[in-house]
$ cat coords_7.cif   # mmCIF, C-alpha atoms
data_input
#
loop_
_atom_site.group_PDB
_atom_site.id
_atom_site.type_symbol
_atom_site.label_atom_id
_atom_site.label_comp_id
_atom_site.auth_asym_id
_atom_site.auth_seq_id
_atom_site.Cartn_x
_atom_site.Cartn_y
_atom_site.Cartn_z
ATOM 1 C CA MET A 1227 66.218 38.107 23.774
ATOM 2 C CA SER A 1228 64.572 36.012 26.457
ATOM 3 C CA THR A 1229 64.170 32.270 26.289
ATOM 4 C CA PRO A 1230 60.547 31.279 25.668
ATOM 5 C CA GLN A 1231 58.893 29.580 28.636
ATOM 6 C CA ALA A 1232 56.931 26.407 28.026
ATOM 7 C CA GLY A 1233 53.347 27.221 27.238
ATOM 8 C CA ASP A 1234 53.627 31.000 26.922
ATOM 9 C CA SER A 1235 54.507 31.369 23.247
ATOM 10 C CA ALA A 1236 51.737 31.887 20.720
ATOM 11 C CA GLY A 1237 50.356 28.729 19.158
ATOM 12 C CA VAL A 1238 51.853 26.351 21.731
ATOM 13 C CA THR A 1239 49.318 24.761 23.988
ATOM 14 C CA PRO A 1240 50.477 22.750 26.971
ATOM 15 C CA PRO A 1241 49.519 19.085 26.645
ATOM 16 C CA ARG A 1242 46.360 18.265 28.484
ATOM 17 C CA ALA A 1243 44.902 14.915 29.457
ATOM 18 C CA ARG A 1244 41.886 13.852 27.422
ATOM 19 C CA VAL A 1245 38.587 14.482 29.221
ATOM 20 C CA PRO A 1246 36.772 11.123 29.438
ATOM 21 C CA ALA A 1247 32.998 10.853 29.032
ATOM 22 C CA LEU A 1248 30.258 8.563 30.257
ATOM 23 C CA ILE A 1249 27.004 8.724 28.288
ATOM 24 C CA VAL A 1250 23.954 7.620 30.316
ATOM 25 C CA THR A 1251 20.579 7.416 28.581
ATOM 26 C CA HIS A 1252 17.243 5.666 28.347
ATOM 27 C CA ALA A 1253 17.131 2.455 26.287
ATOM 28 C CA ASP A 1254 20.015 2.204 23.783
ATOM 29 C CA LEU A 1255 20.201 5.864 22.808
ATOM 30 C CA ALA A 1256 23.833 6.124 23.979
ATOM 31 C CA GLN A 1257 24.904 3.255 21.713
ATOM 32 C CA ALA A 1258 22.943 4.678 18.794
ATOM 33 C CA LEU A 1259 24.457 8.152 19.223
ATOM 34 C CA VAL A 1260 27.979 6.755 19.312
ATOM 35 C CA ARG A 1261 27.284 4.544 16.279
ATOM 36 C CA ALA A 1262 26.031 7.604 14.423
ATOM 37 C CA ALA A 1263 29.050 9.667 15.522
ATOM 38 C CA GLU A 1264 31.387 6.883 14.331
ATOM 39 C CA ARG A 1265 29.829 7.166 10.866
ATOM 40 C CA VAL A 1266 31.018 10.772 10.860
ATOM 41 C CA VAL A 1267 34.435 10.640 12.551
ATOM 42 C CA GLY A 1268 35.434 6.984 12.573
ATOM 43 C CA SER A 1269 36.167 4.742 15.525
ATOM 44 C CA ILE A 1270 35.686 6.359 18.965
ATOM 45 C CA GLU A 1271 37.656 5.562 22.131
ATOM 46 C CA ASP A 1272 37.488 6.658 25.763
ATOM 47 C CA VAL A 1273 33.710 7.007 25.822
ATOM 48 C CA THR A 1274 31.757 4.707 28.160
ATOM 49 C CA LEU A 1275 28.077 3.916 27.606
ATOM 50 C CA LEU A 1276 25.346 3.050 30.089
ATOM 51 C CA SER A 1277 21.580 2.486 29.887
ATOM 52 C CA ASN A 1278 19.221 2.988 32.827
ATOM 53 C CA GLU A 1279 17.084 0.059 31.606
ATOM 54 C CA GLY A 1280 15.722 -1.982 34.511
ATOM 55 C CA LEU A 1281 17.880 -0.280 37.138
ATOM 56 C CA SER A 1282 16.637 1.106 40.441
ATOM 57 C CA ARG A 1283 17.870 4.509 41.590
ATOM 58 C CA ASP A 1284 20.510 2.897 43.824
ATOM 59 C CA ASP A 1285 21.750 0.485 41.153
ATOM 60 C CA LEU A 1286 21.953 3.199 38.487
ATOM 61 C CA GLU A 1287 23.870 5.448 40.870
ATOM 62 C CA ASP A 1288 26.282 2.589 41.666
ATOM 63 C CA ALA A 1289 26.792 1.801 37.972
ATOM 64 C CA ILE A 1290 27.589 5.451 37.194
ATOM 65 C CA GLU A 1291 29.946 5.699 40.151
ATOM 66 C CA ALA A 1292 31.793 2.562 39.016
ATOM 67 C CA SER A 1293 32.666 4.397 35.784
ATOM 68 C CA VAL A 1294 33.541 7.839 37.118
ATOM 69 C CA ARG A 1295 35.606 6.728 40.106
ATOM 70 C CA ASP A 1296 38.547 5.876 37.833
ATOM 71 C CA TRP A 1297 38.714 9.369 36.381
ATOM 72 C CA LYS A 1298 41.801 10.935 37.886
ATOM 73 C CA GLU A 1299 41.231 14.457 36.583
ATOM 74 C CA GLY A 1300 37.497 14.618 36.203
ATOM 75 C CA GLY A 1301 35.319 13.991 33.191
ATOM 76 C CA LEU A 1302 31.935 14.590 31.621
ATOM 77 C CA LEU A 1303 28.668 12.852 32.234
ATOM 78 C CA LEU A 1304 26.390 13.290 29.209
ATOM 79 C CA THR A 1305 22.729 12.402 29.802
ATOM 80 C CA ASP A 1306 19.542 12.595 27.789
ATOM 81 C CA PHE A 1307 17.310 14.957 29.753
ATOM 82 C CA TRP A 1308 17.224 17.132 32.822
ATOM 83 C CA GLY A 1309 15.267 15.590 35.691
ATOM 84 C CA GLY A 1310 15.491 12.040 34.342
ATOM 85 C CA SER A 1311 17.040 9.265 36.430
ATOM 86 C CA CYS A 1312 20.205 9.350 34.307
ATOM 87 C CA HIS A 1313 20.678 12.972 35.342
ATOM 88 C CA THR A 1314 19.675 12.840 39.012
ATOM 89 C CA CYS A 1315 21.490 9.561 39.725
ATOM 90 C CA GLY A 1316 24.485 10.964 37.859
ATOM 91 C CA ALA A 1317 24.424 14.060 40.053
ATOM 92 C CA SER A 1318 24.408 11.895 43.181
ATOM 93 C CA ALA A 1319 27.275 9.722 41.928
ATOM 94 C CA ALA A 1320 29.339 12.626 40.555
ATOM 95 C CA ARG A 1321 29.100 14.523 43.790
ATOM 96 C CA ARG A 1322 31.594 12.191 45.418
ATOM 97 C CA HIS A 1323 34.213 12.609 42.687
ATOM 98 C CA GLY A 1324 36.323 15.645 41.779
ATOM 99 C CA GLU A 1325 35.564 17.554 38.641
ATOM 100 C CA VAL A 1326 32.775 15.499 37.105
ATOM 101 C CA VAL A 1327 30.462 17.835 35.208
ATOM 102 C CA ILE A 1328 27.043 16.840 33.861
ATOM 103 C CA VAL A 1329 25.587 18.045 30.577
ATOM 104 C CA THR A 1330 21.972 17.041 29.889
ATOM 105 C CA GLY A 1331 20.167 17.039 26.553
ATOM 106 C CA ILE A 1332 22.863 15.226 24.569
ATOM 107 C CA ASN A 1333 22.436 15.318 20.803
ATOM 108 C CA LEU A 1334 24.644 14.310 17.890
ATOM 109 C CA PRO A 1335 26.189 17.768 17.216
ATOM 110 C CA LEU A 1336 27.007 18.076 20.932
ATOM 111 C CA LEU A 1337 28.652 14.641 20.975
ATOM 112 C CA LEU A 1338 30.716 15.463 17.881
ATOM 113 C CA ASP A 1339 31.844 18.739 19.418
ATOM 114 C CA TYR A 1340 32.927 16.887 22.554
ATOM 115 C CA LEU A 1341 35.023 14.522 20.412
ATOM 116 C CA HIS A 1342 36.680 17.432 18.608
ATOM 117 C CA ASN A 1343 37.589 19.329 21.770
ATOM 118 C CA ARG A 1344 38.166 16.785 24.518
ATOM 119 C CA ASP A 1345 41.953 16.864 24.161
ATOM 120 C CA ARG A 1346 42.348 20.608 24.582
ATOM 121 C CA LEU A 1347 39.754 21.794 27.132
ATOM 122 C CA SER A 1348 39.083 20.956 30.779
ATOM 123 C CA ALA A 1349 35.881 19.169 31.803
ATOM 124 C CA SER A 1350 34.422 22.423 33.034
ATOM 125 C CA GLU A 1351 35.338 24.370 29.877
ATOM 126 C CA LEU A 1352 33.982 21.569 27.707
ATOM 127 C CA ALA A 1353 30.680 21.538 29.587
ATOM 128 C CA GLU A 1354 30.160 25.261 28.993
ATOM 129 C CA ARG A 1355 31.024 24.868 25.324
ATOM 130 C CA LEU A 1356 28.772 21.833 24.809
ATOM 131 C CA GLN A 1357 25.802 23.566 26.413
ATOM 132 C CA GLN A 1358 26.109 26.328 23.828
ATOM 133 C CA LYS A 1359 26.843 23.965 20.918
ATOM 134 C CA GLY A 1360 23.871 21.747 21.765
ATOM 135 C CA ARG A 1361 21.556 24.757 21.830
ATOM 136 C CA ASP A 1362 22.956 26.329 18.673
ATOM 137 C CA SER A 1363 22.585 23.044 16.795
ATOM 138 C CA ILE A 1364 18.795 23.196 17.000
ATOM 139 C CA ARG A 1365 17.602 25.350 14.163
ATOM 140 C CA VAL A 1366 14.421 25.748 12.182
ATOM 141 C CA GLN A 1367 14.190 26.130 8.450
ATOM 142 C CA ARG A 1368 10.854 27.008 6.945
ATOM 143 C CA GLY A 1369 10.453 26.363 3.271
ATOM 144 C CA VAL A 1370 13.335 26.838 0.867
ATOM 145 C CA PRO A 1371 15.384 30.034 1.003
ATOM 146 C CA ALA A 1372 14.852 32.268 -2.025
ATOM 147 C CA MET B 233 -8.310 19.194 42.513
ATOM 148 C CA SER B 234 -4.880 18.450 44.029
ATOM 149 C CA TRP B 235 -4.021 14.742 44.335
ATOM 150 C CA ALA B 236 -3.867 13.384 40.800
ATOM 151 C CA LEU B 237 -1.325 10.591 41.320
ATOM 152 C CA HIS B 238 0.107 8.688 44.270
ATOM 153 C CA ARG B 239 2.992 6.665 42.882
ATOM 154 C CA ILE B 240 5.307 3.984 44.236
ATOM 155 C CA ASP B 241 8.510 4.143 42.188
ATOM 156 C CA ASP B 242 12.082 3.616 43.380
ATOM 157 C CA ARG B 243 13.334 6.263 40.938
ATOM 158 C CA LEU B 244 11.133 8.952 42.566
ATOM 159 C CA ILE B 245 11.278 11.935 40.163
ATOM 160 C CA HIS B 246 12.339 10.729 36.711
ATOM 161 C CA GLY B 247 11.397 10.736 33.036
ATOM 162 C CA GLN B 248 8.185 8.697 33.187
ATOM 163 C CA VAL B 249 6.866 10.883 35.998
ATOM 164 C CA LEU B 250 7.832 14.229 34.473
ATOM 165 C CA VAL B 251 7.249 13.551 30.800
ATOM 166 C CA ALA B 252 4.556 10.852 30.551
ATOM 167 C CA TRP B 253 2.397 11.421 33.649
ATOM 168 C CA GLY B 254 3.328 15.095 33.785
ATOM 169 C CA ALA B 255 2.059 15.770 30.256
ATOM 170 C CA ARG B 256 -1.174 13.904 31.001
ATOM 171 C CA LEU B 257 -1.989 15.394 34.420
ATOM 172 C CA ASP B 258 -0.073 18.719 34.486
ATOM 173 C CA PRO B 259 0.956 18.792 38.153
ATOM 174 C CA ALA B 260 1.718 22.118 39.828
ATOM 175 C CA ARG B 261 3.360 20.335 42.761
ATOM 176 C CA ILE B 262 5.250 17.078 43.271
ATOM 177 C CA TRP B 263 5.672 15.799 46.814
ATOM 178 C CA VAL B 264 8.712 13.550 47.214
ATOM 179 C CA VAL B 265 7.989 11.666 50.422
ATOM 180 C CA ASP B 266 11.113 9.988 51.690
ATOM 181 C CA ASP B 267 12.770 10.188 55.098
ATOM 182 C CA GLY B 268 16.243 9.650 53.598
ATOM 183 C CA VAL B 269 15.929 12.385 50.964
ATOM 184 C CA ALA B 270 14.299 14.739 53.477
ATOM 185 C CA ALA B 271 17.247 14.272 55.837
ATOM 186 C CA SER B 272 19.831 15.242 53.201
ATOM 187 C CA GLU B 273 20.051 18.934 52.329
ATOM 188 C CA TRP B 274 21.943 18.053 49.168
ATOM 189 C CA GLU B 275 19.312 15.571 47.926
ATOM 190 C CA ARG B 276 16.508 17.981 48.775
ATOM 191 C CA VAL B 277 18.102 20.528 46.442
ATOM 192 C CA LEU B 278 18.708 17.890 43.754
ATOM 193 C CA PHE B 279 15.020 16.934 43.606
ATOM 194 C CA ARG B 280 13.742 20.499 43.929
ATOM 195 C CA GLU B 281 15.766 21.438 40.861
ATOM 196 C CA ALA B 282 14.882 18.282 38.913
ATOM 197 C CA ALA B 283 11.503 19.537 37.658
ATOM 198 C CA PRO B 284 11.727 23.107 36.305
ATOM 199 C CA GLY B 285 8.358 24.865 36.510
ATOM 200 C CA ILE B 286 6.976 22.447 39.103
ATOM 201 C CA ASP B 287 7.003 23.132 42.833
ATOM 202 C CA VAL B 288 8.816 20.092 44.277
ATOM 203 C CA ARG B 289 8.299 19.576 47.998
ATOM 204 C CA VAL B 290 10.523 17.095 49.781
ATOM 205 C CA ALA B 291 8.918 15.795 52.968
ATOM 206 C CA SER B 292 9.413 13.108 55.576
ATOM 207 C CA VAL B 293 6.602 10.574 56.028
ATOM 208 C CA ALA B 294 5.436 12.394 59.164
ATOM 209 C CA GLU B 295 5.453 15.818 57.444
ATOM 210 C CA ALA B 296 3.606 14.471 54.397
ATOM 211 C CA ALA B 297 0.972 12.704 56.503
ATOM 212 C CA ALA B 298 0.331 15.940 58.399
ATOM 213 C CA ALA B 299 0.003 17.982 55.180
ATOM 214 C CA HIS B 300 -1.898 15.398 53.106
ATOM 215 C CA ALA B 301 -5.506 16.431 53.800
ATOM 216 C CA ALA B 302 -4.838 20.158 53.318
ATOM 217 C CA GLU B 303 -3.008 19.527 50.037
ATOM 218 C CA ALA B 304 -6.043 17.585 48.780
ATOM 219 C CA GLU B 305 -8.025 20.861 48.838
ATOM 220 C CA ALA B 306 -5.349 22.951 47.091
ATOM 221 C CA PRO B 307 -5.842 24.269 43.549
ATOM 222 C CA ARG B 308 -4.364 22.456 40.528
ATOM 223 C CA ALA B 309 -2.968 18.924 40.423
ATOM 224 C CA ALA B 310 -0.347 17.387 42.717
ATOM 225 C CA PHE B 311 1.675 14.159 42.606
ATOM 226 C CA LEU B 312 3.027 12.234 45.571
ATOM 227 C CA LEU B 313 5.996 9.903 45.112
ATOM 228 C CA VAL B 314 7.393 7.249 47.459
ATOM 229 C CA ARG B 315 10.205 4.830 46.680
ATOM 230 C CA ASP B 316 8.688 1.605 48.051
ATOM 231 C CA LEU B 317 5.590 -0.136 49.373
ATOM 232 C CA GLU B 318 6.807 0.156 52.934
ATOM 233 C CA THR B 319 6.882 3.955 52.744
ATOM 234 C CA ALA B 320 3.376 3.910 51.240
ATOM 235 C CA ARG B 321 2.174 1.744 54.121
ATOM 236 C CA ARG B 322 3.864 3.996 56.712
ATOM 237 C CA LEU B 323 2.274 7.066 55.135
ATOM 238 C CA ALA B 324 -1.171 5.439 55.347
ATOM 239 C CA GLU B 325 -0.576 4.361 58.929
ATOM 240 C CA ALA B 326 0.462 7.927 59.784
ATOM 241 C CA GLY B 327 -2.969 9.121 58.653
ATOM 242 C CA ALA B 328 -2.784 9.958 54.934
ATOM 243 C CA ARG B 329 -5.958 8.838 53.162
ATOM 244 C CA VAL B 330 -4.842 7.367 49.854
ATOM 245 C CA THR B 331 -7.457 5.319 48.007
ATOM 246 C CA GLU B 332 -5.295 4.337 45.045
ATOM 247 C CA TRP B 333 -1.561 3.846 44.574
ATOM 248 C CA ASN B 334 0.025 3.679 41.163
ATOM 249 C CA VAL B 335 2.756 1.020 41.243
ATOM 250 C CA GLY B 336 5.137 2.444 38.662
ATOM 251 C CA GLY B 337 8.579 0.956 39.205
ATOM 252 C CA LEU B 338 10.080 -1.406 41.794
ATOM 253 C CA HIS B 339 13.203 -2.621 40.071
ATOM 254 C CA TYR B 340 15.202 -5.770 40.558
ATOM 255 C CA ALA B 341 17.334 -6.245 43.660
ATOM 256 C CA PRO B 342 18.763 -9.477 45.071
ATOM 257 C CA GLY B 343 16.052 -11.553 46.744
ATOM 258 C CA LYS B 344 13.199 -9.985 44.783
ATOM 259 C CA GLU B 345 10.932 -11.973 42.456
ATOM 260 C CA LYS B 346 9.779 -10.728 39.093
ATOM 261 C CA VAL B 347 6.132 -9.690 38.843
ATOM 262 C CA ASN B 348 6.502 -7.928 35.491
ATOM 263 C CA ASP B 349 9.275 -6.055 33.665
ATOM 264 C CA TYR B 350 9.320 -3.181 36.138
ATOM 265 C CA VAL B 351 7.948 -4.684 39.357
ATOM 266 C CA TYR B 352 9.970 -7.050 41.565
ATOM 267 C CA LEU B 353 8.824 -7.927 45.093
ATOM 268 C CA ASP B 354 10.164 -9.700 48.160
ATOM 269 C CA GLU B 355 8.289 -10.866 51.258
ATOM 270 C CA ARG B 356 8.684 -7.534 52.990
ATOM 271 C CA ASP B 357 7.158 -5.729 49.994
ATOM 272 C CA ARG B 358 4.274 -8.190 49.997
ATOM 273 C CA GLU B 359 3.612 -7.647 53.705
ATOM 274 C CA SER B 360 3.331 -3.907 53.058
ATOM 275 C CA ALA B 361 1.135 -4.522 50.005
ATOM 276 C CA LYS B 362 -1.175 -6.765 52.037
ATOM 277 C CA ALA B 363 -1.468 -4.131 54.766
ATOM 278 C CA LEU B 364 -2.371 -1.451 52.185
ATOM 279 C CA LEU B 365 -4.926 -3.722 50.493
ATOM 280 C CA ALA B 366 -6.433 -4.738 53.849
ATOM 281 C CA ALA B 367 -6.892 -1.057 54.667
ATOM 282 C CA GLY B 368 -8.913 -0.672 51.442
ATOM 283 C CA ALA B 369 -6.371 0.908 49.097
ATOM 284 C CA ARG B 370 -6.109 -0.155 45.451
ATOM 285 C CA LEU B 371 -2.657 -0.990 44.073
ATOM 286 C CA ILE B 372 -2.637 -0.432 40.324
ATOM 287 C CA VAL B 373 0.404 -1.435 38.258
ATOM 288 C CA GLN B 374 1.004 0.961 35.346
ATOM 289 C CA ASP B 375 4.370 2.489 34.417
ATOM 290 C CA VAL B 376 3.097 5.078 31.913
ATOM 291 C CA PRO B 377 -0.394 6.300 30.948
ATOM 292 C CA ALA B 378 -0.203 4.457 27.601
ATOM 293 C CA SER B 379 0.162 1.038 29.236
ATOM 294 C CA ARG B 380 -2.768 -1.008 30.550
ATOM 295 C CA PRO B 381 -3.473 -0.577 34.280
ATOM 296 C CA LEU B 382 -3.715 -3.869 36.204
ATOM 297 C CA PRO B 383 -4.320 -4.569 39.890
ATOM 298 C CA LEU B 384 -1.144 -5.845 41.564
ATOM 299 C CA GLY B 385 -3.145 -8.869 42.756
ATOM 300 C CA ALA B 386 -3.829 -9.850 39.145
ATOM 301 C CA LEU B 387 -0.090 -10.045 38.420
ATOM 302 C CA ASP B 388 1.192 -11.527 41.675
ATOM 303 C CA PRO B 389 -0.572 -14.718 42.827
ATOM 304 C CA ALA B 390 0.651 -14.098 46.386
ATOM 305 C CA LEU B 391 -1.465 -10.921 46.444
ATOM 306 C CA ALA B 392 -4.521 -12.264 44.603
ATOM 307 C CA PRO B 393 -7.797 -11.441 46.363
#
$ encode --input "coords_7.cif" --output "structure tokens"
Amino acid sequence: MSTPQAGDSAGVTPPRARVPALIVTHADLAQALVRAAERVVGSIEDVTLLSNEGLSRDDLEDAIEASVRDWKEGGLLLTDFWGGSCHTCGASAARRHGEVVIVTGINLPLLLDYLHNRDRLSASELAERLQQKGRDSIRVQRGVPA
Amino acid sequence: MSWALHRIDDRLIHGQVLVAWGARLDPARIWVVDDGVAASEWERVLFREAAPGIDVRVASVAEAAAAHAAEAEAPRAAFLLVRDLETARRLAEAGARVTEWNVGGLHYAPGKEKVNDYVYLDERDRESAKALLAAGARLIVQDVPASRPLPLGALDPALAP
């Protein structure tokens, strides 16, 4: 009988550092999303919020960089839509820092899924998962099912 | 068709341009005219990918001035974006004939005075604005199509006719 090695036995996951997130949006959407998420899961920590309100491209980029530069092992930048200043300035700022991954099109189901999985997945794995979760969360129901 | 919007906006491609003006004017091409962006391969790619379905062309002031007249004859609508009044003035001086500039966003920086919520100017900006106005261009302040267009001179006493 061999001695189990750390991390290789079924059901034991090696501890992983929490993936931090910065949410950058127009107006106060980031605050509103987090307030809504707190109604569902309770108080939320380790999520930073930023609005692009009144900021030039350079100032927004600097503000994003000020948040992500402290992330030792990467993190996620969640922004409202592709091609907006939150996204493109985020891409410029993230470029200078390790594993910072950007997910655009944040919605409430995506944010909740991030909160549920940020302690077990890497930034890159989370980003892939959130892309799918965000898409799958948009559904259409016509009328009432029979 | 071609030129549908010449815009001065320090955010270059962003939400107001893509969503608000884009929905109104349906551009096939967006020219990002900026020597700094044009000189950075990485930023060129960033802006090209920022507007799916739209042909984004990143050009230096000299390249854009040379291509400006031919683009004016091209089919469908095109936008041209510069980040500041100085670049607009340099583009005009390099030969681009622009009769109207949309002033869409010149955000606060130290030393700049507030003109309205999204336009802040310093003396250097005003010198460029005066040069553009003297050459016969109109400078119209309007962030999105739904807001009221106003001449820059009506908002900034230093630029009043």
$ closest_atom_pairs --input "coords_7.cif" --of "chain A" --to "chain B" --cutoff "9 Å" --atoms "all atoms listed in the file" --output "JSON lines"
{"residue": "A:Gly1280", "atom": "CA", "partner": "B:His339", "partner_atom": "CA", "distance": 6.1}
{"residue": "A:Leu1281", "atom": "CA", "partner": "B:His339", "partner_atom": "CA", "distance": 6.0}
{"residue": "A:Ser1282", "atom": "CA", "partner": "B:His339", "partner_atom": "CA", "distance": 5.1}
{"residue": "A:Arg1283", "atom": "CA", "partner": "B:Arg243", "partner_atom": "CA", "distance": 4.9}
{"residue": "A:Asp1284", "atom": "CA", "partner": "B:Arg243", "partner_atom": "CA", "distance": 8.4}
{"residue": "A:Asp1285", "atom": "CA", "partner": "B:Ala341", "partner_atom": "CA", "distance": 8.4}
{"residue": "A:Phe1307", "atom": "CA", "partner": "B:Gly247", "partner_atom": "CA", "distance": 8.0}
{"residue": "A:Trp1308", "atom": "CA", "partner": "B:Ala282", "partner_atom": "CA", "distance": 6.6}
{"residue": "A:Gly1309", "atom": "CA", "partner": "B:Ala282", "partner_atom": "CA", "distance": 4.2}
{"residue": "A:Gly1310", "atom": "CA", "partner": "B:His246", "partner_atom": "CA", "distance": 4.2}
{"residue": "A:Ser1311", "atom": "CA", "partner": "B:His246", "partner_atom": "CA", "distance": 4.9}
{"residue": "A:Cys1312", "atom": "CA", "partner": "B:His246", "partner_atom": "CA", "distance": 8.3}
{"residue": "A:His1313", "atom": "CA", "partner": "B:Ala282", "partner_atom": "CA", "distance": 8.6}
{"residue": "A:Thr1314", "atom": "CA", "partner": "B:Leu278", "partner_atom": "CA", "distance": 7.0}
{"residue": "A:Cys1315", "atom": "CA", "partner": "B:Arg243", "partner_atom": "CA", "distance": 8.9}
{"residue": "A:Ala1317", "atom": "CA", "partner": "B:Leu278", "partner_atom": "CA", "distance": 7.8}
{"residue": "A:Ser1318", "atom": "CA", "partner": "B:Glu275", "partner_atom": "CA", "distance": 7.9}
$ write_last_selection --input "coords_7.cif" --atoms "C-alpha atoms" --output "PDB file, keeping the file's coordinate frame"
ATOM      1  CA  GLY A1280      15.722  -1.982  34.511  1.00  0.00           C
ATOM      2  CA  LEU A1281      17.880  -0.280  37.138  1.00  0.00           C
ATOM      3  CA  SER A1282      16.637   1.106  40.441  1.00  0.00           C
ATOM      4  CA  ARG A1283      17.870   4.509  41.590  1.00  0.00           C
ATOM      5  CA  ASP A1284      20.510   2.897  43.824  1.00  0.00           C
ATOM      6  CA  ASP A1285      21.750   0.485  41.153  1.00  0.00           C
ATOM      7  CA  PHE A1307      17.310  14.957  29.753  1.00  0.00           C
ATOM      8  CA  TRP A1308      17.224  17.132  32.822  1.00  0.00           C
ATOM      9  CA  GLY A1309      15.267  15.590  35.691  1.00  0.00           C
ATOM     10  CA  GLY A1310      15.491  12.040  34.342  1.00  0.00           C
ATOM     11  CA  SER A1311      17.040   9.265  36.430  1.00  0.00           C
ATOM     12  CA  CYS A1312      20.205   9.350  34.307  1.00  0.00           C
ATOM     13  CA  HIS A1313      20.678  12.972  35.342  1.00  0.00           C
ATOM     14  CA  THR A1314      19.675  12.840  39.012  1.00  0.00           C
ATOM     15  CA  CYS A1315      21.490   9.561  39.725  1.00  0.00           C
ATOM     16  CA  ALA A1317      24.424  14.060  40.053  1.00  0.00           C
ATOM     17  CA  SER A1318      24.408  11.895  43.181  1.00  0.00           C
TER      18      SER A1318
END
$ atom_distance --input "coords_7.cif" --atom1 "atom CA of B:Glu345" --atom2 "atom CA of A:His1252"
23.5 Å
$ atom_distance --input "coords_7.cif" --atom1 "atom CA of A:Asp1272" --atom2 "atom CA of A:Val1326"
15.1 Å
$ residues_around --input "coords_7.cif" --residues "A:Ala1289" --least-positions-apart "2" --cutoff "12 Å" --atoms "all atoms listed in the file" --output "PyMOL selection string"
chain A and resi 1248-1250+1274-1279+1281-1287+1291-1295+1312+1315-1316+1318-1320
$ resolve_selection --input "coords_7.cif" --expression "the PyMOL selection byres ((chain A and resi 1350-1359) around 10)" --output "count of residues only"
33
$ resolve_selection --input "coords_7.cif" --expression "the PyMOL selection byres ((chain B and resi 368) around 12)" --output "list in words"
Arg321, Ala324, Arg329, Val330, Thr331, Glu332, Trp333, Ala361, Lys362, Ala363, Leu364, Leu365, Ala366, Ala367, Ala369, Arg370, Leu371 and Pro393 of chain B
$ residues_around --input "coords_7.cif" --residues "B:His238" --least-positions-apart "5" --cutoff "10 Å" --atoms "only C-alpha atoms" --output "short mmCIF file (atom, residue, chain, number, x, y, z; two decimals) with C-alpha atoms, in the frame of the given file"
data_model
loop_
_atom_site.label_atom_id
_atom_site.label_comp_id
_atom_site.auth_asym_id
_atom_site.auth_seq_id
_atom_site.Cartn_x
_atom_site.Cartn_y
_atom_site.Cartn_z
CA ILE B 262 5.25 17.08 43.27
CA TRP B 263 5.67 15.80 46.81
CA ALA B 310 -0.35 17.39 42.72
CA PHE B 311 1.68 14.16 42.61
CA LEU B 312 3.03 12.23 45.57
CA LEU B 313 6.00 9.90 45.11
CA VAL B 314 7.39 7.25 47.46
CA ALA B 320 3.38 3.91 51.24
CA VAL B 330 -4.84 7.37 49.85
CA THR B 331 -7.46 5.32 48.01
CA GLU B 332 -5.30 4.34 45.04
CA TRP B 333 -1.56 3.85 44.57
CA ASN B 334 0.02 3.68 41.16
CA VAL B 335 2.76 1.02 41.24
CA GLY B 336 5.14 2.44 38.66
#
$ atom_distance --input "coords_7.cif" --atom1 "atom CA of A:Arg1321" --atom2 "atom CA of A:Ala1247"
15.7 Å
$ resolve_selection --input "coords_7.cif" --expression "the PyMOL selection byres ((chain B and resi 256-258) around 10)" --output "number ranges by chain"
B: 236-237, 249-255, 259-261, 286, 308-311, 376-377
$ closest_residue --input "coords_7.cif" --among "A:Leu1341, A:Val1273, A:Ala1243, A:Val1370" --to "A:Ala1256" --atoms "all atoms listed in the file"
A:Val1273
$ decode --input "coords_7.cif" --residues "stretch 319-337 of chain B" --atoms "C-alpha atoms" --output "PDB file, in the first residue's frame"
ATOM      1  CA  THR B 319      -4.552  66.032 -33.844  1.00  0.00           C
ATOM      2  CA  ALA B 320      -7.627  67.423 -35.623  1.00  0.00           C
ATOM      3  CA  ARG B 321      -5.716  70.606 -36.428  1.00  0.00           C
ATOM      4  CA  ARG B 322      -2.670  68.641 -37.653  1.00  0.00           C
ATOM      5  CA  LEU B 323      -4.895  66.501 -39.869  1.00  0.00           C
ATOM      6  CA  ALA B 324      -6.432  69.632 -41.417  1.00  0.00           C
ATOM      7  CA  GLU B 325      -3.024  71.215 -41.897  1.00  0.00           C
ATOM      8  CA  ALA B 326      -1.829  68.022 -43.601  1.00  0.00           C
ATOM      9  CA  GLY B 327      -4.570  68.470 -46.202  1.00  0.00           C
ATOM     10  CA  ALA B 328      -7.695  66.649 -44.980  1.00  0.00           C
ATOM     11  CA  ARG B 329     -10.812  68.673 -45.792  1.00  0.00           C
ATOM     12  CA  VAL B 330     -13.064  68.378 -42.759  1.00  0.00           C
ATOM     13  CA  THR B 331     -15.944  70.854 -42.611  1.00  0.00           C
ATOM     14  CA  GLU B 332     -17.376  69.728 -39.282  1.00  0.00           C
ATOM     15  CA  TRP B 333     -15.875  68.104 -36.197  1.00  0.00           C
ATOM     16  CA  ASN B 334     -18.002  66.479 -33.549  1.00  0.00           C
ATOM     17  CA  VAL B 335     -16.494  67.286 -30.142  1.00  0.00           C
ATOM     18  CA  GLY B 336     -17.534  64.195 -28.213  1.00  0.00           C
ATOM     19  CA  GLY B 337     -15.288  63.817 -25.185  1.00  0.00           C
TER      20      GLY B 337
END
